[in-house]
Structure formats: structure tokens, C-alpha cells
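> If you scroll down you'll find the structure; I have some questions about it.
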Amino acid sequence: MTTKEFARQFGVSVSEMCEITGYTRQGLYLIINGKAGNSNKKKIAYNFLICRRLNDCSCTRSGT
């Protein structure tokens, strides 16, 4: 699976996924392809979903 295919599963581009999760493109590639030690795809997905939820939550926006 490519990094682009993985990001598309979440409806974002690779750049957006990097920005939201804090991983670099190379880091995402290594994790997705199982070359980054203990990291795995579930970890990316979890971090992505948590960060996305925090960013989309109305309670975290200023002025509310």
C-alpha cells in the first residue's frame, strides 16, 4: 500500500495527513511499510483520528 492510498482511506492528502499527525512523509512511508520498528498503521490511524477529532470539535475553537 502506498502512502497516498493510505491517506485517501481517510479522505485526505498525504500532506494533510502529515500536518494533522505530525509525521513526515518519510515517516509515514516507513510506518505504512513496516520498516519503522514498533510503529504501525494502527498508530497512524489512531493519531490521525484523535487529532482530527480535536481539530473539528467545537469546544476547542476560540470564542466558544
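Starting from 1 in every chain, residues are counted up; chains themselves are A, B, ... following the order of the C-alpha cells, and ligands are numbered from 1 as listed.
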So that I can check the surroundings of Ala45 of chain A, please list as a ChimeraX atom specification every protein, DNA and RNA residue that reaches within 12 Å of it, counting only C-alpha atoms and ignoring chain neighbours fewer than 3 positions away.

/A:6-10,17-18,20-21,23,28,31-32,39-42,48-52

> Would you compute the distance between atom CA of Arg25 of chain A and atom CA of Thr3 of chain A? Give it in Å to one decimal.

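Distance between the two atoms: 8.0 Å.
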
> Could you tell me how far atom CA of Ala36 of chain A lies from atom CA of Gly11 of chain A, in Å and to one decimal?

23.9 Å
